[in-house]
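What follows is the content of work_26.cif (mmCIF, C-alpha atoms).
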```cif
data_input
loop_
_atom_site.group_PDB
_atom_site.id
_atom_site.type_symbol
_atom_site.label_atom_id
_atom_site.label_comp_id
_atom_site.auth_asym_id
_atom_site.auth_seq_id
_atom_site.Cartn_x
_atom_site.Cartn_y
_atom_site.Cartn_z
ATOM 1 C CA MET C 9 -15.683 -30.961 -27.639
ATOM 2 C CA ILE C 10 -14.466 -31.560 -24.094
ATOM 3 C CA LEU C 11 -16.426 -28.585 -22.755
ATOM 4 C CA THR C 12 -19.592 -29.688 -24.586
ATOM 5 C CA THR C 13 -19.298 -33.178 -23.113
ATOM 6 C CA LEU C 14 -18.687 -31.734 -19.654
ATOM 7 C CA ILE C 15 -21.743 -29.452 -19.901
ATOM 8 C CA ILE C 16 -23.962 -32.349 -21.010
ATOM 9 C CA LEU C 17 -22.673 -34.574 -18.196
ATOM 10 C CA ILE C 18 -23.261 -31.806 -15.637
ATOM 11 C CA LEU C 19 -26.837 -31.280 -16.855
ATOM 12 C CA ILE C 20 -27.542 -35.035 -16.757
ATOM 13 C CA GLY C 21 -26.035 -35.172 -13.275
ATOM 14 C CA CYS C 22 -28.222 -32.251 -12.187
ATOM 15 C CA PHE C 23 -31.368 -34.050 -13.356
ATOM 16 C CA ILE C 24 -30.356 -37.295 -11.634
ATOM 17 C CA ASN C 25 -29.515 -35.425 -8.427
ATOM 18 C CA GLY C 26 -32.841 -33.570 -8.437
ATOM 19 C CA HIS C 27 -34.712 -36.784 -9.245
ATOM 20 C CA ARG C 28 -33.057 -38.465 -6.267
ATOM 21 C CA LYS C 29 -33.798 -35.582 -3.879
ATOM 22 C CA GLY C 30 -37.345 -34.849 -4.979
ATOM 23 C CA LEU C 31 -39.242 -31.584 -5.223
ATOM 24 C CA ILE C 32 -39.498 -30.809 -1.505
ATOM 25 C CA MET C 33 -35.744 -30.834 -0.971
ATOM 26 C CA MET C 34 -35.130 -29.108 -4.307
ATOM 27 C CA VAL C 35 -37.445 -26.257 -3.279
ATOM 28 C CA LEU C 36 -35.364 -25.850 -0.121
ATOM 29 C CA TYR C 37 -32.180 -25.935 -2.210
ATOM 30 C CA THR C 38 -33.655 -23.390 -4.623
ATOM 31 C CA GLY C 39 -34.337 -21.115 -1.655
ATOM 32 C CA ALA C 40 -30.698 -21.569 -0.670
ATOM 33 C CA TYR C 41 -29.612 -20.535 -4.172
ATOM 34 C CA ILE C 42 -31.802 -17.433 -3.984
ATOM 35 C CA VAL C 43 -30.264 -16.500 -0.621
ATOM 36 C CA SER C 44 -26.803 -17.158 -2.097
ATOM 37 C CA TRP C 45 -27.609 -15.003 -5.141
ATOM 38 C CA LEU C 46 -28.795 -12.097 -2.970
ATOM 39 C CA ALA C 47 -25.759 -12.344 -0.684
ATOM 40 C CA ALA C 48 -23.397 -12.458 -3.669
ATOM 41 C CA LYS C 49 -25.180 -9.536 -5.342
ATOM 42 C CA THR C 50 -24.754 -7.481 -2.175
ATOM 43 C CA VAL C 51 -21.116 -8.340 -1.439
ATOM 44 C CA ALA C 52 -19.656 -8.783 -4.969
ATOM 45 C CA PRO C 53 -19.145 -5.072 -5.778
ATOM 46 C CA LEU C 54 -17.132 -4.508 -2.593
ATOM 47 C CA LEU C 55 -15.111 -7.703 -2.873
ATOM 48 C CA GLY C 56 -14.702 -7.191 -6.636
ATOM 49 C CA THR C 57 -13.088 -3.802 -6.097
ATOM 50 C CA TRP C 58 -10.604 -5.379 -3.710
ATOM 51 C CA LEU C 59 -9.973 -8.335 -6.057
ATOM 52 C CA SER C 60 -9.329 -6.032 -9.022
ATOM 53 C CA HIS C 61 -5.947 -5.247 -7.465
ATOM 54 C CA LEU C 62 -5.048 -8.949 -7.247
ATOM 55 C CA LEU C 63 -6.412 -10.358 -10.525
ATOM 56 C CA PRO C 64 -4.902 -9.800 -13.978
ATOM 57 C CA ASN C 65 -6.440 -7.176 -16.247
ATOM 58 C CA VAL C 66 -8.502 -8.586 -19.068
ATOM 59 C CA THR C 67 -9.224 -7.132 -22.467
ATOM 60 C CA ASP C 68 -12.250 -7.162 -24.725
ATOM 61 C CA GLU C 69 -10.345 -9.388 -27.170
ATOM 62 C CA ALA C 70 -10.927 -12.429 -24.943
ATOM 63 C CA SER C 71 -14.700 -12.111 -25.093
ATOM 64 C CA TYR C 72 -16.780 -14.429 -27.253
ATOM 65 C CA SER C 73 -20.033 -12.597 -26.593
ATOM 66 C CA SER C 74 -19.064 -9.029 -27.342
ATOM 67 C CA ALA C 75 -22.704 -8.082 -27.892
ATOM 68 C CA ILE C 76 -23.484 -8.916 -24.273
ATOM 69 C CA LEU C 77 -20.412 -7.266 -22.754
ATOM 70 C CA SER C 78 -19.958 -4.330 -25.146
ATOM 71 C CA ALA C 79 -21.252 -1.718 -22.687
ATOM 72 C CA VAL C 80 -19.336 -3.079 -19.681
ATOM 73 C CA ASP C 81 -15.812 -2.463 -18.385
ATOM 74 C CA THR C 82 -14.525 -6.025 -18.842
ATOM 75 C CA SER C 83 -11.838 -5.774 -16.171
ATOM 76 C CA ALA C 84 -14.347 -4.629 -13.540
ATOM 77 C CA PHE C 85 -16.880 -7.211 -14.759
ATOM 78 C CA PHE C 86 -14.259 -9.955 -14.466
ATOM 79 C CA SER C 87 -13.217 -9.058 -10.897
ATOM 80 C CA ARG C 88 -16.827 -8.576 -9.766
ATOM 81 C CA GLY C 89 -17.779 -11.810 -11.485
ATOM 82 C CA ILE C 90 -15.056 -13.748 -9.678
ATOM 83 C CA ALA C 91 -16.133 -12.108 -6.394
ATOM 84 C CA PHE C 92 -19.756 -12.999 -7.147
ATOM 85 C CA LEU C 93 -18.845 -16.647 -7.812
ATOM 86 C CA LEU C 94 -16.759 -16.858 -4.609
ATOM 87 C CA VAL C 95 -19.482 -15.392 -2.367
ATOM 88 C CA PHE C 96 -22.203 -17.393 -4.116
ATOM 89 C CA THR C 97 -20.234 -20.620 -3.601
ATOM 90 C CA ALA C 98 -19.448 -19.931 0.068
ATOM 91 C CA VAL C 99 -23.032 -19.031 0.995
ATOM 92 C CA SER C 100 -24.368 -21.997 -1.010
ATOM 93 C CA ILE C 101 -22.126 -24.404 0.888
ATOM 94 C CA ILE C 102 -23.323 -23.042 4.232
ATOM 95 C CA CYS C 103 -27.006 -23.172 3.198
ATOM 96 C CA HIS C 104 -26.682 -26.680 1.784
ATOM 97 C CA TRP C 105 -25.099 -27.877 5.003
ATOM 98 C CA GLY C 106 -28.095 -26.517 6.925
ATOM 99 C CA ILE C 107 -30.579 -28.138 4.545
ATOM 100 C CA ARG C 108 -28.843 -31.501 4.844
ATOM 101 C CA GLN C 109 -29.720 -31.381 8.522
ATOM 102 C CA LEU C 110 -33.391 -31.531 7.441
ATOM 103 C CA ARG C 111 -33.110 -34.853 5.571
ATOM 104 C CA TRP C 112 -35.949 -36.303 7.605
ATOM 105 C CA ILE C 113 -38.379 -34.193 5.532
ATOM 106 C CA LYS C 114 -37.790 -36.553 2.570
ATOM 107 C CA ARG C 115 -39.532 -39.320 4.500
ATOM 108 C CA VAL C 116 -42.858 -37.470 4.410
ATOM 109 C CA PRO C 117 -44.993 -39.369 1.917
ATOM 110 C CA VAL C 118 -45.504 -37.246 -1.173
ATOM 111 C CA ILE C 119 -46.712 -38.153 -4.602
ATOM 112 C CA GLY C 120 -43.571 -40.199 -5.354
ATOM 113 C CA THR C 121 -42.877 -40.139 -9.075
ATOM 114 C CA VAL C 122 -44.219 -36.623 -9.592
ATOM 115 C CA ASP C 123 -42.070 -35.374 -6.697
ATOM 116 C CA ARG C 124 -38.951 -36.969 -8.187
ATOM 117 C CA LEU C 125 -39.585 -35.783 -11.772
ATOM 118 C CA ALA C 126 -40.377 -32.241 -10.659
ATOM 119 C CA GLY C 127 -37.232 -32.259 -8.506
ATOM 120 C CA GLY C 128 -35.193 -33.408 -11.509
ATOM 121 C CA ALA C 129 -36.632 -30.685 -13.739
ATOM 122 C CA LEU C 130 -35.987 -27.975 -11.149
ATOM 123 C CA SER C 131 -32.433 -29.205 -10.611
ATOM 124 C CA LEU C 132 -31.839 -29.196 -14.384
ATOM 125 C CA VAL C 133 -32.916 -25.538 -14.619
ATOM 126 C CA ILE C 134 -30.691 -24.577 -11.673
ATOM 127 C CA GLY C 135 -27.746 -26.427 -13.234
ATOM 128 C CA TYR C 136 -28.260 -24.593 -16.533
ATOM 129 C CA ILE C 137 -28.293 -21.212 -14.778
ATOM 130 C CA ILE C 138 -25.083 -22.010 -12.887
ATOM 131 C CA ILE C 139 -23.362 -23.234 -16.075
ATOM 132 C CA PHE C 140 -24.439 -20.030 -17.830
ATOM 133 C CA LEU C 141 -23.090 -17.878 -14.995
ATOM 134 C CA VAL C 142 -19.745 -19.685 -14.929
ATOM 135 C CA LEU C 143 -19.375 -19.566 -18.736
ATOM 136 C CA VAL C 144 -20.165 -15.848 -19.040
ATOM 137 C CA VAL C 145 -17.754 -14.853 -16.268
ATOM 138 C CA THR C 146 -14.931 -17.246 -17.162
ATOM 139 C CA GLN C 147 -15.027 -16.457 -20.897
ATOM 140 C CA LEU C 148 -12.950 -13.427 -19.910
ATOM 141 C CA TRP C 149 -10.289 -15.587 -18.230
ATOM 142 C CA PRO C 150 -7.002 -14.804 -19.990
ATOM 143 C CA ALA C 151 -6.025 -18.422 -20.680
ATOM 144 C CA GLY C 152 -5.690 -19.555 -24.281
ATOM 145 C CA TRP C 153 -6.705 -23.164 -23.626
ATOM 146 C CA TRP C 154 -9.977 -22.044 -21.998
ATOM 147 C CA GLN C 155 -10.715 -19.623 -24.830
ATOM 148 C CA MET C 156 -10.209 -22.479 -27.309
ATOM 149 C CA GLN C 157 -12.571 -24.729 -25.331
ATOM 150 C CA ILE C 158 -15.308 -22.081 -25.466
ATOM 151 C CA ALA C 159 -14.644 -21.333 -29.151
ATOM 152 C CA ASN C 160 -14.792 -25.038 -30.056
ATOM 153 C CA SER C 161 -17.898 -25.815 -27.998
ATOM 154 C CA GLY C 162 -21.074 -25.082 -29.911
ATOM 155 C CA LEU C 163 -23.127 -25.802 -26.795
ATOM 156 C CA ALA C 164 -21.125 -23.361 -24.642
ATOM 157 C CA ARG C 165 -21.459 -20.606 -27.260
ATOM 158 C CA LEU C 166 -25.177 -21.366 -27.586
ATOM 159 C CA ILE C 167 -25.627 -21.074 -23.820
ATOM 160 C CA ILE C 168 -23.658 -17.807 -23.690
ATOM 161 C CA ASN C 169 -25.222 -16.132 -26.728
ATOM 162 C CA GLN C 170 -28.786 -17.478 -26.760
ATOM 163 C CA THR C 171 -29.835 -16.847 -23.169
ATOM 164 C CA PRO C 172 -30.622 -13.112 -23.356
ATOM 165 C CA VAL C 173 -32.854 -12.884 -20.279
ATOM 166 C CA LEU C 174 -30.183 -14.410 -18.042
ATOM 167 C CA ALA C 175 -27.482 -12.282 -19.690
ATOM 168 C CA HIS C 176 -29.439 -9.106 -18.993
ATOM 169 C CA LEU C 177 -30.061 -10.162 -15.372
ATOM 170 C CA LEU C 178 -26.371 -11.023 -14.936
ATOM 171 C CA LEU C 179 -25.236 -7.649 -16.279
ATOM 172 C CA GLN C 180 -27.642 -5.860 -13.931
ATOM 173 C CA THR C 181 -26.370 -7.896 -10.991
ATOM 174 C CA ILE C 182 -22.618 -7.855 -11.618
ATOM 175 C CA GLY C 183 -21.955 -5.198 -14.254
#
```
Encoded form (structure tokens):
Amino acid sequence: MILTTLIILILIGCFINGHRKGLIMMVLYTGAYIVSWLAAKTVAPLLGTWLSHLLPNVTDEASYSSAILSAVDTSAFFSRGIAFLLVFTAVSIICHWGIRQLRWIKRVPVIGTVDRLAGGALSLVIGYIIIFLVLVVTQLWPAGWWQMQIANSGLARLIINQTPVLAHLLLQTIG
């Protein structure tokens, strides 16, 4: 229940944030996420190999989406996934800092309401993708309380199990 509430609040916050920023800034932020994704995809295998020596081994028993991860070495997926999230976060922070320097672009008169609604919708989609990524990778985290949160959250399980296109893309990128 807590995880479901948190996911809903994050998605609402994403829409509000995108609505506030508008489409122009959200397009720039989306470009930053694409750059972050590509950087993480490139660096994650190398960093994941190094992290595999530092992180605990995980087993298939912790997985709540065994159909998605059945063909993957879960320990390697976990370490690469953590590496991917770390690189993605670091590059995103740097890109977002650079974009914030371009705040003056928001003052260019655009279509107003349409710009804000489109920005909110784009931000909502980006938030969903990030939640999906975090849920799929962290479902392998060997902590009982987290496993219970995922098991008890219908929304989290729905996001993990009913987003096959993203799951396939994630396995190609990290797995």
* Tell me which residues the PyMOL selection byres ((chain C and resi 15-23) around 12) grabs here, as a ChimeraX atom specification. => /C:9-14,24-31,34,124-140,142-143,157-158,161-167
* Atom pair CA of Leu63 in chain C / CA of Gln155 in chain C: separation (Å) -> 17.6 Å
* To do: Go through C:Trp105, C:Ser44, C:Trp154, C:Asn65 one by one, measure the shortest atom-to-atom distance of each to Thr82 in chain C using only C-alpha atoms, and give the residue with the smallest value.
  => C:Asn65
* Restricting the calculation to all atoms listed in the file, which member of C:Gly89, C:Gly120, C:Gly106, C:Pro172 is positioned closest to Trp149 in chain C? -> C:Gly89
* Structure fact -> Separating CA of Pro53 in chain C from CA of Ala159 in chain C, to the nearest tenth of an Å, is a gap of 28.8 Å
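Counting all atoms listed in the file, Val43 in chain C has the following residues at most 10 Å away, ignoring those fewer than 5 positions along the same chain: Tyr37, Thr38, Ala48, Lys49, Phe96, Val99, Ser100 and Cys103 of chain C.
CA of Val173 in chain C lies 22.1 Å from CA of Ser87 in chain C.
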* Contact residues around Ala91 in chain C with only C-alpha atoms at 10 Å, ignoring same-chain residues under 4 positions, as a ChimeraX atom specification -> /C:48-49,51-60,85-87,95-97,182
To box range 137-155 of chain C, take all atoms listed in the file, fit an axis-aligned box, add 4 Å on each side, and give centre and edge lengths in Å to one decimal, as lines of an AutoDock Vina configuration file.
```
center_x = -17.0
center_y = -18.3
center_z = -18.9
size_x = 30.6
size_y = 17.8
size_z = 19.9
```
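For the set C:Ala47, C:Ile101, C:Leu93, C:Leu110, the residue with the smallest atom-to-atom gap to Met33 in chain C is C:Leu110, counting only C-alpha atoms.
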